[in-house]
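**Q** Input structure: coords_32.txt, which contains compact mmCIF, C-alpha atoms.
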```
# COMPACT_ATOMS: atom_id res chain seq x y z
CA MET A 1 26.45 -3.48 -13.35
CA GLY A 2 23.97 -4.88 -15.83
CA ILE A 3 20.42 -6.13 -15.63
CA ARG A 4 20.06 -9.64 -16.99
CA VAL A 5 16.87 -10.28 -18.94
CA GLY A 6 16.14 -13.92 -19.70
CA VAL A 7 13.24 -16.22 -20.44
CA LYS A 8 11.78 -18.91 -18.22
CA ALA A 9 13.23 -22.40 -18.61
CA ALA A 10 16.14 -21.07 -20.65
CA THR A 11 19.67 -20.19 -19.64
CA THR A 12 20.49 -17.95 -22.58
CA VAL A 13 20.44 -14.22 -22.02
CA ALA A 14 17.95 -12.53 -24.32
CA ILE A 15 19.26 -9.02 -23.74
CA LYS A 16 21.77 -7.30 -21.54
CA VAL A 17 21.40 -3.59 -20.85
CA ALA A 18 23.95 -1.60 -18.89
CA THR A 19 22.44 0.39 -16.05
CA LYS A 20 23.47 2.73 -13.31
CA VAL A 21 22.11 0.86 -10.31
CA GLY A 22 21.21 2.91 -7.27
CA LEU A 23 19.10 2.15 -4.23
CA GLY A 24 15.71 2.55 -5.88
CA LEU A 25 13.53 -0.53 -6.29
CA PHE A 26 10.31 -1.53 -8.08
CA ALA A 27 7.86 -4.15 -9.43
CA ILE A 28 4.53 -4.76 -11.33
CA ALA A 29 1.07 -6.46 -11.93
CA ALA A 30 -1.93 -4.15 -11.38
CA LEU A 31 -5.34 -3.01 -12.54
CA GLY A 32 -6.57 0.34 -13.78
CA CYS A 33 -7.20 3.91 -12.70
CA VAL A 34 -7.49 4.84 -9.05
CA ARG A 35 -10.32 6.81 -7.54
CA SER A 36 -9.47 8.06 -4.09
CA PRO A 37 -9.50 11.53 -2.53
CA ALA A 38 -6.18 13.35 -2.38
CA LEU A 39 -4.31 13.17 0.89
CA SER A 40 -4.63 16.26 3.06
CA PRO A 41 -1.32 17.41 4.61
CA GLU A 42 -2.72 17.41 8.15
CA ALA A 43 -3.32 13.64 7.84
CA ASN A 44 0.41 12.95 7.58
CA PRO A 45 1.82 10.97 10.50
CA PRO A 46 5.20 11.95 11.98
CA GLU A 47 6.87 8.98 10.31
CA ALA A 48 6.68 7.74 6.72
CA THR A 49 7.61 4.28 5.47
CA ALA A 50 10.94 5.05 3.78
CA PRO A 51 13.00 8.01 2.57
CA VAL A 52 12.89 8.95 -1.10
CA THR A 53 16.07 10.02 -2.86
CA ALA A 54 16.29 13.13 -5.02
CA PRO A 55 15.31 12.68 -8.68
CA VAL A 56 18.06 11.98 -11.18
CA THR A 57 19.23 14.88 -13.33
CA ALA A 58 19.64 12.88 -16.55
CA PRO A 59 16.31 11.13 -17.26
CA ILE A 60 16.19 7.91 -19.26
CA ARG A 61 15.16 8.32 -22.89
CA PRO A 62 12.47 5.77 -23.88
CA THR A 63 13.42 3.42 -26.73
CA VAL A 64 9.89 1.99 -27.07
CA PRO A 65 7.19 4.58 -27.95
CA PRO A 66 4.29 4.71 -25.47
CA GLU A 67 1.90 4.94 -28.43
CA THR A 68 2.38 2.63 -31.40
CA ARG A 69 0.26 0.66 -33.87
CA GLN A 70 3.10 -1.82 -34.39
CA ALA A 71 3.04 -5.00 -32.32
CA LEU A 72 5.83 -5.13 -29.75
CA THR A 73 8.34 -7.88 -30.37
CA PRO A 74 9.82 -9.85 -27.45
CA ASP A 75 13.01 -7.84 -27.94
CA ASP A 76 11.04 -4.57 -27.76
CA ALA A 77 9.41 -5.68 -24.52
CA ALA A 78 12.76 -6.83 -23.09
CA ALA A 79 14.32 -3.48 -23.88
CA LEU A 80 11.42 -1.64 -22.26
CA ILE A 81 11.37 -3.74 -19.07
CA SER A 82 15.13 -3.17 -18.72
CA GLN A 83 14.54 0.57 -18.87
CA VAL A 84 11.65 0.30 -16.39
CA VAL A 85 13.92 -1.50 -13.94
CA GLU A 86 16.64 1.09 -14.50
CA ALA A 87 14.09 3.83 -13.79
CA ILE A 88 13.06 2.08 -10.57
CA ASN A 89 16.66 1.69 -9.48
CA ARG A 90 17.33 5.36 -10.23
CA ASP A 91 14.02 6.73 -8.89
CA ASP A 92 13.32 8.17 -12.35
CA THR A 93 9.63 8.95 -11.98
CA ALA A 94 9.57 10.99 -15.20
CA PHE A 95 10.37 7.88 -17.25
CA LEU A 96 7.71 5.83 -15.47
CA LEU A 97 5.14 8.53 -16.11
CA THR A 98 5.71 8.08 -19.85
CA TYR A 99 4.00 4.69 -19.66
CA LEU A 100 1.23 5.70 -17.24
CA LYS A 101 0.01 9.00 -18.68
CA ASP A 102 -3.60 7.90 -18.92
CA THR A 103 -3.80 6.64 -15.33
CA ARG A 104 -1.78 8.94 -13.08
CA PRO A 105 -1.09 12.52 -14.23
CA ASP A 106 1.33 13.53 -11.46
CA LEU A 107 4.85 12.69 -10.33
CA ILE A 108 4.38 13.08 -6.58
CA SER A 109 2.10 10.03 -6.48
CA TYR A 110 5.01 7.82 -7.52
CA GLU A 111 7.15 8.71 -4.50
CA ALA A 112 5.11 6.27 -2.38
CA ALA A 113 5.62 3.58 -5.02
CA ILE A 114 9.38 4.13 -5.00
CA ALA A 115 9.41 3.94 -1.20
CA HIS A 116 7.39 0.71 -1.31
CA TYR A 117 9.77 -0.84 -3.81
CA LYS A 118 12.68 0.02 -1.53
CA THR A 119 10.93 -1.89 1.25
CA ILE A 120 9.99 -4.87 -0.95
CA PHE A 121 13.56 -5.20 -2.22
CA HIS A 122 15.23 -4.32 1.12
CA ASN A 123 17.06 -1.35 -0.39
CA GLN A 124 18.89 -3.60 -2.83
CA PRO A 125 18.98 -2.88 -6.60
CA ILE A 126 17.00 -5.01 -9.01
CA THR A 127 19.53 -6.98 -11.05
CA GLN A 128 17.57 -9.71 -12.88
CA VAL A 129 14.48 -9.79 -15.06
CA GLU A 130 12.86 -12.97 -16.36
CA LEU A 131 10.03 -13.29 -18.86
CA ILE A 132 7.57 -15.75 -17.30
CA ASP A 133 4.55 -15.36 -19.58
CA HIS A 134 3.50 -13.81 -22.89
CA GLN A 135 -0.19 -13.59 -23.80
CA ASP A 136 -0.81 -12.54 -27.41
CA GLN A 137 -4.49 -11.83 -28.08
CA GLY A 138 -3.89 -10.87 -31.70
CA LEU A 139 -5.85 -7.82 -32.83
CA TRP A 140 -8.46 -6.04 -30.71
CA LEU A 141 -10.32 -3.15 -32.33
CA GLY A 142 -7.77 -3.37 -35.10
CA GLN A 143 -4.81 -2.90 -32.72
CA PRO A 144 -2.27 -5.41 -31.34
CA ALA A 145 -3.26 -6.72 -27.89
CA GLN A 146 -0.69 -8.55 -25.78
CA THR A 147 0.84 -8.72 -22.30
CA PHE A 148 4.40 -9.60 -21.30
CA THR A 149 4.75 -10.69 -17.65
CA TYR A 150 8.16 -10.53 -16.00
CA GLU A 151 9.59 -11.45 -12.64
CA ILE A 152 12.10 -8.91 -11.32
CA ARG A 153 14.64 -9.96 -8.70
CA ASN A 154 17.61 -8.69 -6.74
CA ASP A 155 20.71 -10.59 -5.63
CA ARG A 156 19.15 -11.08 -2.20
CA GLY A 157 16.33 -13.17 -3.71
CA ASP A 158 13.50 -10.65 -3.30
CA ARG A 159 11.15 -10.81 -6.27
CA LYS A 160 7.97 -9.39 -7.76
CA THR A 161 6.01 -9.62 -11.00
CA ILE A 162 5.54 -6.75 -13.43
CA ARG A 163 3.69 -6.47 -16.75
CA ILE A 164 4.13 -4.68 -20.04
CA ASN A 165 0.72 -4.34 -21.71
CA GLN A 166 -0.14 -3.26 -25.25
CA GLU A 167 -3.66 -2.52 -26.44
CA ARG A 168 -5.58 0.25 -28.26
CA GLY A 169 -2.29 1.53 -29.64
CA LEU A 170 -0.91 2.17 -26.13
CA VAL A 171 2.05 0.58 -24.35
CA ARG A 172 1.68 0.66 -20.56
CA VAL A 173 3.42 -0.63 -17.45
CA LEU A 174 0.96 -2.35 -15.10
CA ASP A 175 1.80 -2.58 -11.41
CA GLU A 176 -0.08 -2.28 -8.12
CA CYS A 177 2.64 -0.10 -6.59
CA LEU A 178 2.53 2.42 -9.42
CA LEU A 179 -1.26 2.49 -9.39
CA TYR A 180 -2.10 2.15 -5.71
CA SER A 181 0.83 2.86 -3.35
CA HIS A 182 -0.01 6.56 -3.01
CA TYR A 183 -3.62 5.77 -2.14
CA ALA A 184 -2.70 2.94 0.22
CA GLU A 185 -0.51 5.39 2.15
CA ALA A 186 -3.31 7.95 2.19
CA GLN A 187 -5.74 5.34 3.50
CA ILE A 188 -3.48 4.42 6.42
CA GLN A 189 -2.62 8.03 7.23
CA ARG A 190 -6.29 9.02 7.33
CA LEU A 191 -7.08 6.05 9.53
CA LEU A 192 -4.47 7.23 12.04
CA ALA A 193 -5.70 10.83 11.79
CA SER A 194 -9.29 9.70 12.54
CA ILE A 195 -8.15 7.75 15.59
CA ALA A 196 -5.99 10.59 16.90
CA ALA A 197 -8.84 13.09 16.50
CA ASN A 198 -11.48 10.66 17.81
CA ASP A 199 -13.37 11.57 14.65
CA ALA A 200 -15.96 8.90 13.77
CA PRO A 201 -17.48 10.90 10.86
CA GLN A 202 -14.05 11.17 9.25
CA LEU A 203 -13.48 7.43 9.60
CA ALA A 204 -16.97 6.66 8.27
CA ALA A 205 -16.25 8.84 5.24
CA LEU A 206 -12.95 7.02 4.70
CA LEU A 207 -14.70 3.63 4.79
CA SER A 208 -17.56 4.64 2.49
CA VAL A 209 -17.30 3.30 -1.06
CA ASP A 210 -18.93 5.15 -3.96
CA ASP A 211 -22.59 5.69 -2.94
CA VAL A 212 -22.54 3.15 -0.08
CA ASP A 213 -22.06 5.01 3.22
CA TYR A 214 -20.36 3.36 6.18
CA ALA A 215 -22.52 3.66 9.30
CA MET A 216 -21.56 5.95 12.16
CA GLU A 217 -22.06 3.39 14.94
CA PRO A 218 -19.42 0.86 13.75
CA ALA A 219 -17.04 3.74 12.95
CA THR A 220 -17.41 4.97 16.52
CA GLN A 221 -16.87 1.42 17.76
CA ALA A 222 -13.70 1.02 15.66
CA ILE A 223 -12.16 4.21 17.03
CA ALA A 224 -13.03 3.14 20.59
CA THR A 225 -11.31 -0.20 19.98
CA TYR A 226 -8.18 1.51 18.71
CA ARG A 227 -8.07 4.03 21.53
CA ALA A 228 -8.42 1.18 24.04
CA GLN A 229 -5.56 -0.64 22.33
CA PHE A 230 -3.18 2.33 21.83
CA ASP A 231 -2.43 5.66 23.41
CA PRO A 232 -3.46 7.62 20.28
CA GLY A 233 -0.54 10.04 20.39
CA THR A 234 1.95 7.16 20.04
CA LEU A 235 0.35 5.53 16.99
CA ARG A 236 2.63 5.15 13.94
CA TYR A 237 2.79 2.83 10.94
CA ARG A 238 5.22 1.02 8.69
CA PHE A 239 4.79 -0.68 5.33
CA GLU A 240 5.75 -4.37 5.52
CA GLY A 241 5.35 -5.55 1.94
CA LEU A 242 2.73 -7.07 -0.36
CA ASP A 243 0.31 -9.82 0.57
CA ASN A 244 0.39 -12.45 -2.22
CA ASP A 245 2.23 -9.95 -4.41
CA THR A 246 -0.95 -7.84 -4.49
CA PHE A 247 -2.30 -6.12 -1.36
CA PHE A 248 -0.45 -3.70 0.93
CA ARG A 249 0.46 -4.97 4.41
CA TYR A 250 1.04 -2.48 7.21
CA THR A 251 1.89 -2.70 10.89
CA LEU A 252 0.44 -0.04 13.17
CA TYR A 253 2.56 0.33 16.27
CA GLY A 254 2.73 2.43 19.42
CA THR A 255 2.30 1.99 23.14
CA LYS A 256 -0.42 1.59 25.74
CA ALA A 257 0.50 2.70 29.26
CA GLY A 258 4.14 2.54 28.20
CA GLN A 259 3.93 -1.01 26.79
CA PRO A 260 4.61 -1.64 23.07
CA VAL A 261 1.60 -2.61 20.96
CA GLU A 262 1.33 -3.70 17.30
CA HIS A 263 -1.63 -4.31 15.01
CA SER A 264 -1.74 -5.53 11.40
CA VAL A 265 -3.81 -3.85 8.67
CA THR A 266 -4.09 -4.61 4.96
CA VAL A 267 -5.05 -2.15 2.23
CA VAL A 268 -6.92 -3.97 -0.53
CA HIS A 269 -7.68 -2.63 -4.00
CA GLY A 270 -9.57 -3.37 -7.18
CA ASP A 271 -11.48 -1.60 -9.94
CA GLY A 272 -9.77 1.67 -9.08
CA LEU A 273 -10.81 1.58 -5.41
CA VAL A 274 -8.91 1.02 -2.16
CA GLY A 275 -10.21 -0.24 1.17
CA LEU A 276 -9.13 -1.49 4.59
CA ARG A 277 -9.05 -5.06 5.84
CA ASP A 278 -8.78 -4.53 9.60
CA SER A 279 -9.94 -6.74 12.47
CA ASN A 280 -10.60 -3.59 14.54
CA ILE A 281 -13.12 -2.29 12.01
CA PRO A 282 -16.50 -4.07 11.83
CA GLN A 283 -17.54 -5.24 8.39
CA ARG A 284 -20.53 -3.44 6.88
```
Go ahead and express the file in the form of structure tokens.

**A**
Amino acid sequence: MGIRVGVKAATTVAIKVATKVGLGLFAIAALGCVRSPALSPEANPPEATAPVTAPVTAPIRPTVPPETRQALTPDDAAALISQVVEAINRDDTAFLLTYLKDTRPDLISYEAAIAHYKTIFHNQPITQVELIDHQDQGLWLGQPAQTFTYEIRNDRGDRKTIRINQERGLVRVLDECLLYSHYAEAQIQRLLASIAANDAPQLAALLSVDDVDYAMEPATQAIATYRAQFDPGTLRYRFEGLDNDTFFRYTLYGTKAGQPVEHSVTVVHGDGLVGLRDSNIPQR
């Protein structure tokens, strides 16, 4: 099976790259580095969002260097996005790391991103890539500066945007899943751990941003609201997808007195930070 890479408003195929398509799935369009505390193992809930397959044994060899002073051509970008999609389909985190070295130094963080892509694309392989925008800023600090924006799709019709960015001599893949999925999962898991432990200080610490502390009283109130809504030992979560192709939508579910209960939560992000948008948690 091949991945078709085309351009918007054109029927000609710009490039066709053969791929081994598996069940992995992916997408792109994010910001910068992420600042969030690492997830502690005891915060893990009994159920995660999706299984992650074992890594491939034959990693993809990049054809576009991650560091170059030469401006990428449209063909270069098309070749790279085809390899990115192949890496997503094959769960090849090592290849993806090549184009994110300055933002995320570990491989484990990408497992959440792979799982999220599987959910977004309903466990179907990505088969089509379309260039929908190219912004060429010319030279910035003496280096080429440009962004190629693609839409990636599967045969089911699921779709997402992804970007190839070049600036300061670096070629990078930009995507909220790659940059934030791990931290979105950590945020939800810590929320559930705080509720289960009836731990208002832990929740207040989770909701504090930089030097702005979240107050203890509303944190206590939020936990009380959750514990009135759910029997804490039954509380689980599932990732539902992206809100406006950007923020992470979750459903918290469980029971109260034996009756099923669900509650929606969104993890928002920006400027390297993540936060919760939750009607059970009072705004500061």

**Q** Quick one: residues within 8 Å of Arg69 of chain A, all atoms listed in the file counted, chain neighbours fewer than 5 positions away excluded, as number ranges by chain?

**A** A: 143-144, 169-170

**Q** Any chance you can output those residues with C-alpha atoms as a PDB file, keeping the file's coordinate frame?

**A**
```pdb
ATOM      1  CA  GLN A 143      -4.810  -2.900 -32.720  1.00  0.00           C
ATOM      2  CA  PRO A 144      -2.270  -5.410 -31.340  1.00  0.00           C
ATOM      3  CA  GLY A 169      -2.290   1.530 -29.640  1.00  0.00           C
ATOM      4  CA  LEU A 170      -0.910   2.170 -26.130  1.00  0.00           C
TER       5      LEU A 170
END
```

**Q** As a CSV table (one decimal) with C-alpha atoms, in the frame of the given file, please: the residues near Asp231 of chain A (cut-off 8 Å, only C-alpha atoms, same-chain neighbours under 5 positions excluded).

**A**
```
chain,number,residue,atom,x,y,z
A,254,GLY,CA,2.7,2.4,19.4
A,255,THR,CA,2.3,2.0,23.1
A,256,LYS,CA,-0.4,1.6,25.7
A,257,ALA,CA,0.5,2.7,29.3
```

**Q** Using all atoms listed in the file, which of the listed residues (A:Ile164, A:Cys177, A:Leu100, A:Ala228) sits closest to Ala113 of chain A?

**A**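 Under the stated criterion, the closest residue is A:Cys177.
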
**Q** Have a look at A:Asn280, A:Asn244, A:Thr149, A:Ser82 and name the one nearest to Val268 of chain A; count all atoms listed in the file.

**A**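 The answer is A:Asn244, which sits nearest to Val268 of chain A.
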
**Q** Would you kindly return, as number ranges by chain, each protein, DNA or RNA residue with an atom no farther than 10 Å from any atom of Gln135 of chain A, considering all atoms listed in the file and excluding same-chain residues fewer than 6 positions away?

**A** A: 145-149, 165

**Q** What does the distance from atom CA of Ala205 of chain A to atom CA of Arg238 of chain A come to in Å, to one decimal?

**A**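 Interatomic distance here is 23.1 Å.
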
**Q** From the list A:Tyr237, A:Phe248, A:Trp140, A:Tyr117, which residue is nearest Glu167 of chain A when using only C-alpha atoms?

**A**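 Looking only at the distances to Glu167 of chain A, the closest residue turns out to be A:Trp140.
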
**Q** Starting from the incomplete input, reconstruct N, CA and C atoms of segment 131-164 of chain A and report them as a CSV table (one decimal), in the coordinates of the input.

**A**
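The file below, rebuild.csv, is the result:
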```csv
chain,number,residue,atom,x,y,z
A,131,LEU,N,11.3,-13.2,-18.2
A,131,LEU,CA,10.0,-13.3,-18.9
A,131,LEU,C,9.4,-14.6,-18.4
A,132,ILE,N,8.2,-14.5,-17.8
A,132,ILE,CA,7.6,-15.8,-17.3
A,132,ILE,C,6.3,-16.0,-18.0
A,133,ASP,N,5.8,-15.1,-18.8
A,133,ASP,CA,4.6,-15.4,-19.6
A,133,ASP,C,4.4,-14.3,-20.7
A,134,HIS,N,3.8,-14.7,-21.8
A,134,HIS,CA,3.5,-13.8,-22.9
A,134,HIS,C,2.1,-14.2,-23.4
A,135,GLN,N,1.2,-13.4,-23.3
A,135,GLN,CA,-0.2,-13.6,-23.8
A,135,GLN,C,-0.4,-12.7,-25.0
A,136,ASP,N,-0.6,-13.3,-26.2
A,136,ASP,CA,-0.8,-12.5,-27.4
A,136,ASP,C,-2.2,-12.8,-27.8
A,137,GLN,N,-3.1,-11.7,-27.7
A,137,GLN,CA,-4.5,-11.8,-28.1
A,137,GLN,C,-4.8,-11.5,-29.5
A,138,GLY,N,-3.7,-11.3,-30.3
A,138,GLY,CA,-3.9,-10.9,-31.7
A,138,GLY,C,-4.3,-9.4,-31.8
A,139,LEU,N,-5.4,-9.2,-32.6
A,139,LEU,CA,-5.8,-7.8,-32.8
A,139,LEU,C,-7.1,-7.6,-32.0
A,140,TRP,N,-7.2,-6.4,-31.4
A,140,TRP,CA,-8.5,-6.0,-30.7
A,140,TRP,C,-8.8,-4.6,-31.1
A,141,LEU,N,-9.9,-4.4,-31.7
A,141,LEU,CA,-10.3,-3.2,-32.3
A,141,LEU,C,-9.3,-2.7,-33.3
A,142,GLY,N,-8.7,-3.7,-34.1
A,142,GLY,CA,-7.8,-3.4,-35.1
A,142,GLY,C,-6.4,-3.1,-34.6
A,143,GLN,N,-6.1,-3.2,-33.3
A,143,GLN,CA,-4.8,-2.9,-32.7
A,143,GLN,C,-4.2,-4.1,-32.0
A,144,PRO,N,-2.9,-4.3,-32.0
A,144,PRO,CA,-2.3,-5.4,-31.3
A,144,PRO,C,-2.6,-5.4,-29.9
A,145,ALA,N,-2.9,-6.6,-29.3
A,145,ALA,CA,-3.3,-6.7,-27.9
A,145,ALA,C,-2.4,-7.9,-27.3
A,146,GLN,N,-1.5,-7.5,-26.4
A,146,GLN,CA,-0.7,-8.6,-25.8
A,146,GLN,C,-0.2,-8.1,-24.4
A,147,THR,N,0.3,-9.0,-23.6
A,147,THR,CA,0.8,-8.7,-22.3
A,147,THR,C,2.1,-9.6,-22.1
A,148,PHE,N,3.2,-8.9,-21.7
A,148,PHE,CA,4.4,-9.6,-21.3
A,148,PHE,C,4.5,-9.5,-19.8
A,149,THR,N,4.6,-10.7,-19.1
A,149,THR,CA,4.8,-10.7,-17.6
A,149,THR,C,6.2,-11.1,-17.3
A,150,TYR,N,6.8,-10.3,-16.4
A,150,TYR,CA,8.2,-10.5,-16.0
A,150,TYR,C,8.2,-10.7,-14.5
A,151,GLU,N,9.2,-11.4,-14.1
A,151,GLU,CA,9.6,-11.4,-12.6
A,151,GLU,C,10.9,-10.7,-12.5
A,152,ILE,N,10.9,-9.7,-11.6
A,152,ILE,CA,12.1,-8.9,-11.3
A,152,ILE,C,12.7,-9.3,-10.0
A,153,ARG,N,14.0,-9.4,-9.9
A,153,ARG,CA,14.6,-10.0,-8.7
A,153,ARG,C,15.9,-9.2,-8.4
A,154,ASN,N,16.3,-9.2,-7.1
A,154,ASN,CA,17.6,-8.7,-6.7
A,154,ASN,C,18.5,-9.8,-6.3
A,155,ASP,N,19.8,-9.5,-6.0
A,155,ASP,CA,20.7,-10.6,-5.6
A,155,ASP,C,20.4,-11.2,-4.3
A,156,ARG,N,19.5,-10.6,-3.5
A,156,ARG,CA,19.2,-11.1,-2.2
A,156,ARG,C,18.1,-12.1,-2.3
A,157,GLY,N,17.4,-12.2,-3.5
A,157,GLY,CA,16.3,-13.2,-3.7
A,157,GLY,C,14.9,-12.6,-3.6
A,158,ASP,N,14.8,-11.3,-3.3
A,158,ASP,CA,13.5,-10.6,-3.3
A,158,ASP,C,13.0,-10.6,-4.7
A,159,ARG,N,11.7,-10.8,-4.9
A,159,ARG,CA,11.2,-10.8,-6.3
A,159,ARG,C,9.7,-10.3,-6.3
A,160,LYS,N,9.3,-9.9,-7.5
A,160,LYS,CA,8.0,-9.4,-7.8
A,160,LYS,C,7.7,-9.5,-9.2
A,161,THR,N,6.4,-9.6,-9.6
A,161,THR,CA,6.0,-9.6,-11.0
A,161,THR,C,5.7,-8.2,-11.5
A,162,ILE,N,5.8,-8.0,-12.8
A,162,ILE,CA,5.5,-6.8,-13.4
A,162,ILE,C,5.1,-7.0,-14.9
A,163,ARG,N,4.2,-6.2,-15.4
A,163,ARG,CA,3.7,-6.5,-16.8
A,163,ARG,C,3.9,-5.3,-17.7
A,164,ILE,N,4.2,-5.6,-18.9
A,164,ILE,CA,4.1,-4.7,-20.0
A,164,ILE,C,2.9,-5.0,-20.9
```
